[in-house]
$ cat start12.pdb   # PDB, C-alpha atoms
ATOM      1  CA  MET A 279     136.816   8.770 133.612
ATOM      2  CA  ARG A 280     134.856   8.031 130.441
ATOM      3  CA  ARG A 281     131.654   9.773 129.807
ATOM      4  CA  VAL A 282     128.898   7.602 128.397
ATOM      5  CA  LEU A 283     126.286   9.170 126.107
ATOM      6  CA  SER A 284     122.766   8.724 127.285
ATOM      7  CA  PRO A 285     120.343   6.886 124.955
ATOM      8  CA  VAL A 286     118.183   9.989 124.295
ATOM      9  CA  PRO A 287     120.779  12.056 122.356
ATOM     10  CA  ILE A 288     121.833   8.955 120.417
ATOM     11  CA  ALA A 289     118.206   8.270 119.465
ATOM     12  CA  VAL A 290     117.698  11.903 118.388
ATOM     13  CA  ILE A 291     120.803  11.796 116.219
ATOM     14  CA  CYS A 292     119.677   8.524 114.603
ATOM     15  CA  VAL A 293     116.218   9.937 113.880
ATOM     16  CA  LEU A 294     117.717  13.082 112.330
ATOM     17  CA  VAL A 295     120.076  11.050 110.136
ATOM     18  CA  ALA A 296     117.161   8.849 109.032
ATOM     19  CA  LEU A 297     115.017  11.894 108.186
ATOM     20  CA  VAL A 298     117.800  13.502 106.147
ATOM     21  CA  ALA A 299     118.344  10.229 104.271
ATOM     22  CA  LEU A 300     114.608   9.896 103.615
ATOM     23  CA  LEU A 301     114.424  13.480 102.344
ATOM     24  CA  ALA A 302     117.394  12.937 100.023
ATOM     25  CA  TYR A 303     115.824   9.729  98.696
ATOM     26  CA  GLY A 304     112.485  11.476  98.133
ATOM     27  CA  LEU A 305     114.090  14.341  96.254
ATOM     28  CA  ALA A 306     116.067  11.952  94.069
ATOM     29  CA  GLN A 307     112.986   9.864  93.254
ATOM     30  CA  ASN A 308     110.774  12.878  92.479
ATOM     31  CA  GLN A 309     113.018  14.427  89.874
ATOM     32  CA  PRO A 310     111.092  14.937  86.653
ATOM     33  CA  ASN A 311     112.035  12.936  83.595
ATOM     34  CA  ARG A 312     114.464  15.048  81.578
ATOM     35  CA  ALA A 313     115.223  12.498  78.855
ATOM     36  CA  VAL A 314     113.591  14.807  76.288
ATOM     37  CA  ASP A 315     115.892  17.670  77.254
ATOM     38  CA  ASP A 316     118.937  15.384  77.036
ATOM     39  CA  ALA A 317     117.929  14.094  73.584
ATOM     40  CA  LEU A 318     117.365  17.622  72.260
ATOM     41  CA  ALA A 319     120.735  18.720  73.653
ATOM     42  CA  HIS A 320     122.304  15.969  71.524
ATOM     43  CA  GLY A 321     120.356  17.002  68.408
ATOM     44  CA  GLU A 322     117.960  14.065  68.623
ATOM     45  CA  ARG A 323     114.178  14.100  68.429
ATOM     46  CA  ASP A 324     112.487  11.426  70.499
ATOM     47  CA  GLN A 325     108.994  10.240  69.711
ATOM     48  CA  ALA A 326     106.442  12.073  71.858
ATOM     49  CA  PRO A 327     104.860   9.864  74.522
ATOM     50  CA  GLU A 328     101.354   8.616  73.869
ATOM     51  CA  LEU A 329      98.816  10.841  75.542
ATOM     52  CA  ALA A 330      95.033  10.413  75.486
ATOM     53  CA  LEU A 331      92.872  12.592  77.710
ATOM     54  CA  PRO A 332      89.310  13.841  77.953
ATOM     55  CA  LYS A 333      88.487  17.075  76.170
ATOM     56  CA  LEU A 334      88.024  19.890  78.650
ATOM     57  CA  ASP A 335      84.540  20.673  77.314
ATOM     58  CA  GLY A 336      83.417  17.090  78.055
ATOM     59  CA  SER A 337      82.771  16.194  74.414
ATOM     60  CA  GLY A 338      84.822  12.989  74.442
ATOM     61  CA  ASP A 339      88.486  12.111  74.407
ATOM     62  CA  ALA A 340      91.384  13.135  72.192
ATOM     63  CA  ALA A 341      94.856  11.739  71.752
ATOM     64  CA  LEU A 342      98.062  13.413  70.718
ATOM     65  CA  ALA A 343      98.233  10.827  67.920
ATOM     66  CA  ASP A 344      95.034  12.351  66.461
ATOM     67  CA  TYR A 345      97.150  15.333  65.406
ATOM     68  CA  ARG A 346      99.916  13.355  63.663
ATOM     69  CA  GLY A 347     100.912  15.141  60.460
ATOM     70  CA  LYS A 348     100.518  18.548  62.100
ATOM     71  CA  VAL A 349     102.974  20.670  64.050
ATOM     72  CA  VAL A 350     101.632  20.677  67.614
ATOM     73  CA  VAL A 351     102.530  23.173  70.310
ATOM     74  CA  LEU A 352     101.563  21.145  73.378
ATOM     75  CA  ASN A 353     101.115  23.532  76.313
ATOM     76  CA  PHE A 354     100.625  22.320  79.906
ATOM     77  CA  TRP A 355      98.924  24.999  82.023
ATOM     78  CA  ALA A 356      96.672  25.694  85.019
ATOM     79  CA  SER A 357      94.131  28.452  85.631
ATOM     80  CA  TRP A 358      95.874  29.732  88.768
ATOM     81  CA  CYS A 359      99.282  30.036  87.055
ATOM     82  CA  ASP A 360     100.260  33.681  86.445
ATOM     83  CA  PRO A 361     102.871  32.917  83.737
ATOM     84  CA  CYS A 362     100.179  30.822  81.981
ATOM     85  CA  LYS A 363      97.967  33.903  81.917
ATOM     86  CA  ASP A 364     100.807  35.981  80.490
ATOM     87  CA  GLU A 365     101.542  33.578  77.617
ATOM     88  CA  SER A 366      97.924  32.760  76.654
ATOM     89  CA  PRO A 367      97.394  35.681  74.229
ATOM     90  CA  LEU A 368     100.637  34.773  72.436
ATOM     91  CA  LEU A 369      99.617  31.120  72.144
ATOM     92  CA  GLU A 370      96.223  32.139  70.753
ATOM     93  CA  ARG A 371      97.848  34.397  68.123
ATOM     94  CA  TRP A 372     100.195  31.605  67.091
ATOM     95  CA  HIS A 373      97.377  29.064  66.972
ATOM     96  CA  ARG A 374      95.517  31.270  64.493
ATOM     97  CA  ARG A 375      98.677  31.725  62.385
ATOM     98  CA  MET A 376      99.441  28.014  62.416
ATOM     99  CA  GLU A 377      95.998  26.665  61.509
ATOM    100  CA  SER A 378      96.315  27.377  57.784
ATOM    101  CA  ARG A 379      99.884  26.052  57.741
ATOM    102  CA  GLY A 380      99.245  22.629  59.254
ATOM    103  CA  GLY A 381      99.785  23.388  62.907
ATOM    104  CA  LEU A 382      97.945  24.089  66.125
ATOM    105  CA  VAL A 383      98.288  24.776  69.798
ATOM    106  CA  LEU A 384      96.924  22.027  72.043
ATOM    107  CA  GLY A 385      96.341  22.996  75.666
ATOM    108  CA  VAL A 386      96.408  20.570  78.581
ATOM    109  CA  ASP A 387      94.839  21.877  81.775
ATOM    110  CA  MET A 388      96.623  20.213  84.674
ATOM    111  CA  LEU A 389      95.147  19.178  88.021
ATOM    112  CA  ASP A 390      92.627  22.008  87.937
ATOM    113  CA  LEU A 391      88.935  22.567  88.581
ATOM    114  CA  THR A 392      87.005  22.413  85.306
ATOM    115  CA  HIS A 393      84.955  25.555  85.942
ATOM    116  CA  ARG A 394      88.098  27.558  86.703
ATOM    117  CA  ALA A 395      89.802  26.245  83.586
ATOM    118  CA  GLN A 396      86.752  27.149  81.496
ATOM    119  CA  SER A 397      86.711  30.665  82.991
ATOM    120  CA  PHE A 398      90.397  30.998  82.044
ATOM    121  CA  ILE A 399      89.629  29.941  78.458
ATOM    122  CA  ASP A 400      86.728  32.393  78.260
ATOM    123  CA  GLU A 401      88.766  35.244  79.752
ATOM    124  CA  PHE A 402      91.517  34.885  77.151
ATOM    125  CA  ASP A 403      89.203  33.934  74.234
ATOM    126  CA  LEU A 404      91.191  30.764  73.580
ATOM    127  CA  THR A 405      90.028  28.853  70.508
ATOM    128  CA  TYR A 406      92.580  26.074  70.399
ATOM    129  CA  PRO A 407      91.659  22.556  71.563
ATOM    130  CA  GLN A 408      91.918  21.886  75.280
ATOM    131  CA  LEU A 409      92.381  18.617  77.137
ATOM    132  CA  LYS A 410      91.948  17.956  80.851
ATOM    133  CA  ASP A 411      94.567  16.053  82.834
ATOM    134  CA  LYS A 412      92.814  15.642  86.151
ATOM    135  CA  ASP A 413      95.134  12.966  87.547
ATOM    136  CA  GLY A 414      98.570  13.957  86.234
ATOM    137  CA  LYS A 415      99.114  11.419  83.404
ATOM    138  CA  GLY A 416     100.668  14.118  81.259
ATOM    139  CA  LEU A 417     102.868  15.271  84.109
ATOM    140  CA  ASP A 418     104.429  11.850  84.358
ATOM    141  CA  LYS A 419     104.716  11.085  80.646
ATOM    142  CA  PHE A 420     106.289  14.410  79.704
ATOM    143  CA  GLY A 421     108.230  15.077  82.921
ATOM    144  CA  VAL A 422     106.323  18.298  83.620
ATOM    145  CA  ALA A 423     107.480  19.849  86.892
ATOM    146  CA  GLN A 424     106.086  23.370  86.748
ATOM    147  CA  TYR A 425     103.604  25.446  84.825
ATOM    148  CA  PRO A 426     103.623  26.341  82.074
ATOM    149  CA  GLU A 427     105.681  23.883  80.061
ATOM    150  CA  THR A 428     105.485  23.593  76.292
ATOM    151  CA  PHE A 429     106.569  20.848  73.906
ATOM    152  CA  VAL A 430     106.828  21.425  70.174
ATOM    153  CA  ILE A 431     106.005  18.263  68.258
ATOM    154  CA  ASP A 432     106.889  17.922  64.585
ATOM    155  CA  ARG A 433     104.713  16.384  61.856
ATOM    156  CA  GLN A 434     106.222  12.936  62.513
ATOM    157  CA  GLY A 435     105.215  13.014  66.178
ATOM    158  CA  ARG A 436     108.699  13.732  67.522
ATOM    159  CA  ILE A 437     109.553  16.332  70.149
ATOM    160  CA  ALA A 438     111.461  19.096  68.375
ATOM    161  CA  ALA A 439     111.728  21.626  71.219
ATOM    162  CA  VAL A 440     110.762  22.143  74.839
ATOM    163  CA  ARG A 441     110.314  25.237  76.973
ATOM    164  CA  ARG A 442     110.233  24.785  80.731
ATOM    165  CA  GLY A 443     108.481  28.026  81.632
ATOM    166  CA  PRO A 444     106.468  30.523  79.596
ATOM    167  CA  VAL A 445     106.973  30.750  75.850
ATOM    168  CA  ASP A 446     107.748  34.042  74.156
ATOM    169  CA  GLU A 447     107.719  35.342  70.596
ATOM    170  CA  GLU A 448     111.372  34.437  70.028
ATOM    171  CA  PHE A 449     110.819  30.813  71.087
ATOM    172  CA  MET A 450     107.831  30.519  68.762
ATOM    173  CA  ARG A 451     109.747  32.052  65.841
ATOM    174  CA  THR A 452     112.814  29.860  66.301
ATOM    175  CA  ALA A 453     111.277  26.576  67.498
ATOM    176  CA  VAL A 454     107.885  26.499  65.766
ATOM    177  CA  ALA A 455     107.964  28.608  62.592
ATOM    178  CA  PRO A 456     110.662  26.529  60.805
ATOM    179  CA  LEU A 457     108.560  23.375  61.281
ATOM    180  CA  LEU A 458     105.640  25.013  59.480
ATOM    181  CA  GLU A 459     107.642  25.571  56.304
ATOM    182  CA  PRO A 460     106.769  23.244  53.411
ATOM    183  CA  SER A 461     109.250  20.399  53.131
TER     184      SER A 461
END

$ encode --input "start12.pdb" --output "structure tokens"
Amino acid sequence: MRRVLSPVPIAVICVLVALVALLAYGLAQNQPNRAVDDALAHGERDQAPELALPKLDGSGDAALADYRGKVVVLNFWASWCDPCKDESPLLERWHRRMESRGGLVLGVDMLDLTHRAQSFIDEFDLTYPQLKDKDGKGLDKFGVAQYPETFVIDRQGRIAAVRRGPVDEEFMRTAVAPLLEPS
């Protein structure tokens, strides 16, 4: 005698298969853009994406292109991010070193409350320029997936290095310092 499956277990199995397929599709579609990482791995420097955002202090807008001709350490951060807190004093020290040598740190506060971001800046005495990305434009353009992430941009506006996670002294010495040397 053959046993026939009832419609309920078949429906449950179909729903589970559909959910797994949907989850796999969602994960595949939400992968951050890693073209920059691939280019750097092949020794290539891609042009940095255009990025124009409001200044965090509300005094207008600024664009990454405004800093062309300078070495820019573009740091994506958020006030609630513990690794961002850990790296902030280092970024401030490097910003001060870089200013006289044609470089700067440029912070981008991501998806954060302005008053919390300003408290963060005050707490760490940050003097470098800060932009506000309230809707995630920078996330998409640079493929940012976590905080902090830092992109080193050379004087020609090309991405010379990337750090997915907090920067440290060694990264700054090896990825940033050589770009500050006179050519």

$ residues_around --input "start12.pdb" --residues "stretch 414-418 of chain A" --least-positions-apart "4" --cutoff "12 Å" --atoms "only C-alpha atoms" --output "NGL selection string"
:A and (308-312 or 326-332 or 341-342 or 352-356 or 385-390 or 409-410 or 422-429)

$ write_last_selection --input "start12.pdb" --atoms "C-alpha atoms" --output "JSON list (two decimals), keeping the file's coordinate frame"
[["chain", "number", "residue", "atom", "x", "y", "z"],
["A", 308, "ASN", "CA", 110.77, 12.88, 92.48],
["A", 309, "GLN", "CA", 113.02, 14.43, 89.87],
["A", 310, "PRO", "CA", 111.09, 14.94, 86.65],
["A", 311, "ASN", "CA", 112.04, 12.94, 83.60],
["A", 312, "ARG", "CA", 114.46, 15.05, 81.58],
["A", 326, "ALA", "CA", 106.44, 12.07, 71.86],
["A", 327, "PRO", "CA", 104.86, 9.86, 74.52],
["A", 328, "GLU", "CA", 101.35, 8.62, 73.87],
["A", 329, "LEU", "CA", 98.82, 10.84, 75.54],
["A", 330, "ALA", "CA", 95.03, 10.41, 75.49],
["A", 331, "LEU", "CA", 92.87, 12.59, 77.71],
["A", 332, "PRO", "CA", 89.31, 13.84, 77.95],
["A", 341, "ALA", "CA", 94.86, 11.74, 71.75],
["A", 342, "LEU", "CA", 98.06, 13.41, 70.72],
["A", 352, "LEU", "CA", 101.56, 21.14, 73.38],
["A", 353, "ASN", "CA", 101.12, 23.53, 76.31],
["A", 354, "PHE", "CA", 100.62, 22.32, 79.91],
["A", 355, "TRP", "CA", 98.92, 25.00, 82.02],
["A", 356, "ALA", "CA", 96.67, 25.69, 85.02],
["A", 385, "GLY", "CA", 96.34, 23.00, 75.67],
["A", 386, "VAL", "CA", 96.41, 20.57, 78.58],
["A", 387, "ASP", "CA", 94.84, 21.88, 81.78],
["A", 388, "MET", "CA", 96.62, 20.21, 84.67],
["A", 389, "LEU", "CA", 95.15, 19.18, 88.02],
["A", 390, "ASP", "CA", 92.63, 22.01, 87.94],
["A", 409, "LEU", "CA", 92.38, 18.62, 77.14],
["A", 410, "LYS", "CA", 91.95, 17.96, 80.85],
["A", 422, "VAL", "CA", 106.32, 18.30, 83.62],
["A", 423, "ALA", "CA", 107.48, 19.85, 86.89],
["A", 424, "GLN", "CA", 106.09, 23.37, 86.75],
["A", 425, "TYR", "CA", 103.60, 25.45, 84.82],
["A", 426, "PRO", "CA", 103.62, 26.34, 82.07],
["A", 427, "GLU", "CA", 105.68, 23.88, 80.06],
["A", 428, "THR", "CA", 105.48, 23.59, 76.29],
["A", 429, "PHE", "CA", 106.57, 20.85, 73.91]]

$ atom_distance --input "start12.pdb" --atom1 "atom CA of A:Ala453" --atom2 "atom CA of A:Lys412"
28.4 Å

$ resolve_selection --input "start12.pdb" --expression "the PyMOL selection byres ((chain A and resi 373-378) around 9)" --output "list of chain:residue names"
A:Val349, A:Val351, A:Leu368, A:Leu369, A:Glu370, A:Arg371, A:Trp372, A:Arg379, A:Gly380, A:Gly381, A:Leu382, A:Val383, A:Leu384, A:Thr405, A:Tyr406, A:Ala455, A:Leu458

$ axis_aligned_box --input "start12.pdb" --around "stretch 353-363 of chain A" --padding-each-side "6 Å" --output "JSON"
{"center_x": 98.5, "center_y": 28.1, "center_z": 82.5, "size_x": 20.7, "size_y": 23.6, "size_z": 24.5}

$ atom_distance --input "start12.pdb" --atom1 "atom CA of A:Pro367" --atom2 "atom CA of A:Asp413"
26.4 Å

$ residues_around --input "start12.pdb" --residues "A:Gln325" --least-positions-apart "6" --cutoff "10 Å" --atoms "all atoms listed in the file" --output "list in words"
Val314, Ile431, Asp432, Gln434, Gly435, Arg436, Ile437 and Ala438 of chain A

$ resolve_selection --input "start12.pdb" --expression "the PyMOL selection byres ((chain A and resi 398-403) around 8)" --output "JSON, numbers by chain"
{"A": [357, 366, 367, 394, 395, 396, 397, 404, 405]}

$ atom_distance --input "start12.pdb" --atom1 "atom CA of A:Asp339" --atom2 "atom CA of A:Gln408"
10.4 Å

$ closest_residue --input "start12.pdb" --among "A:Gly338, A:Pro456, A:Gly321, A:Pro407" --to "A:Arg433" --atoms "all atoms listed in the file"
A:Pro456
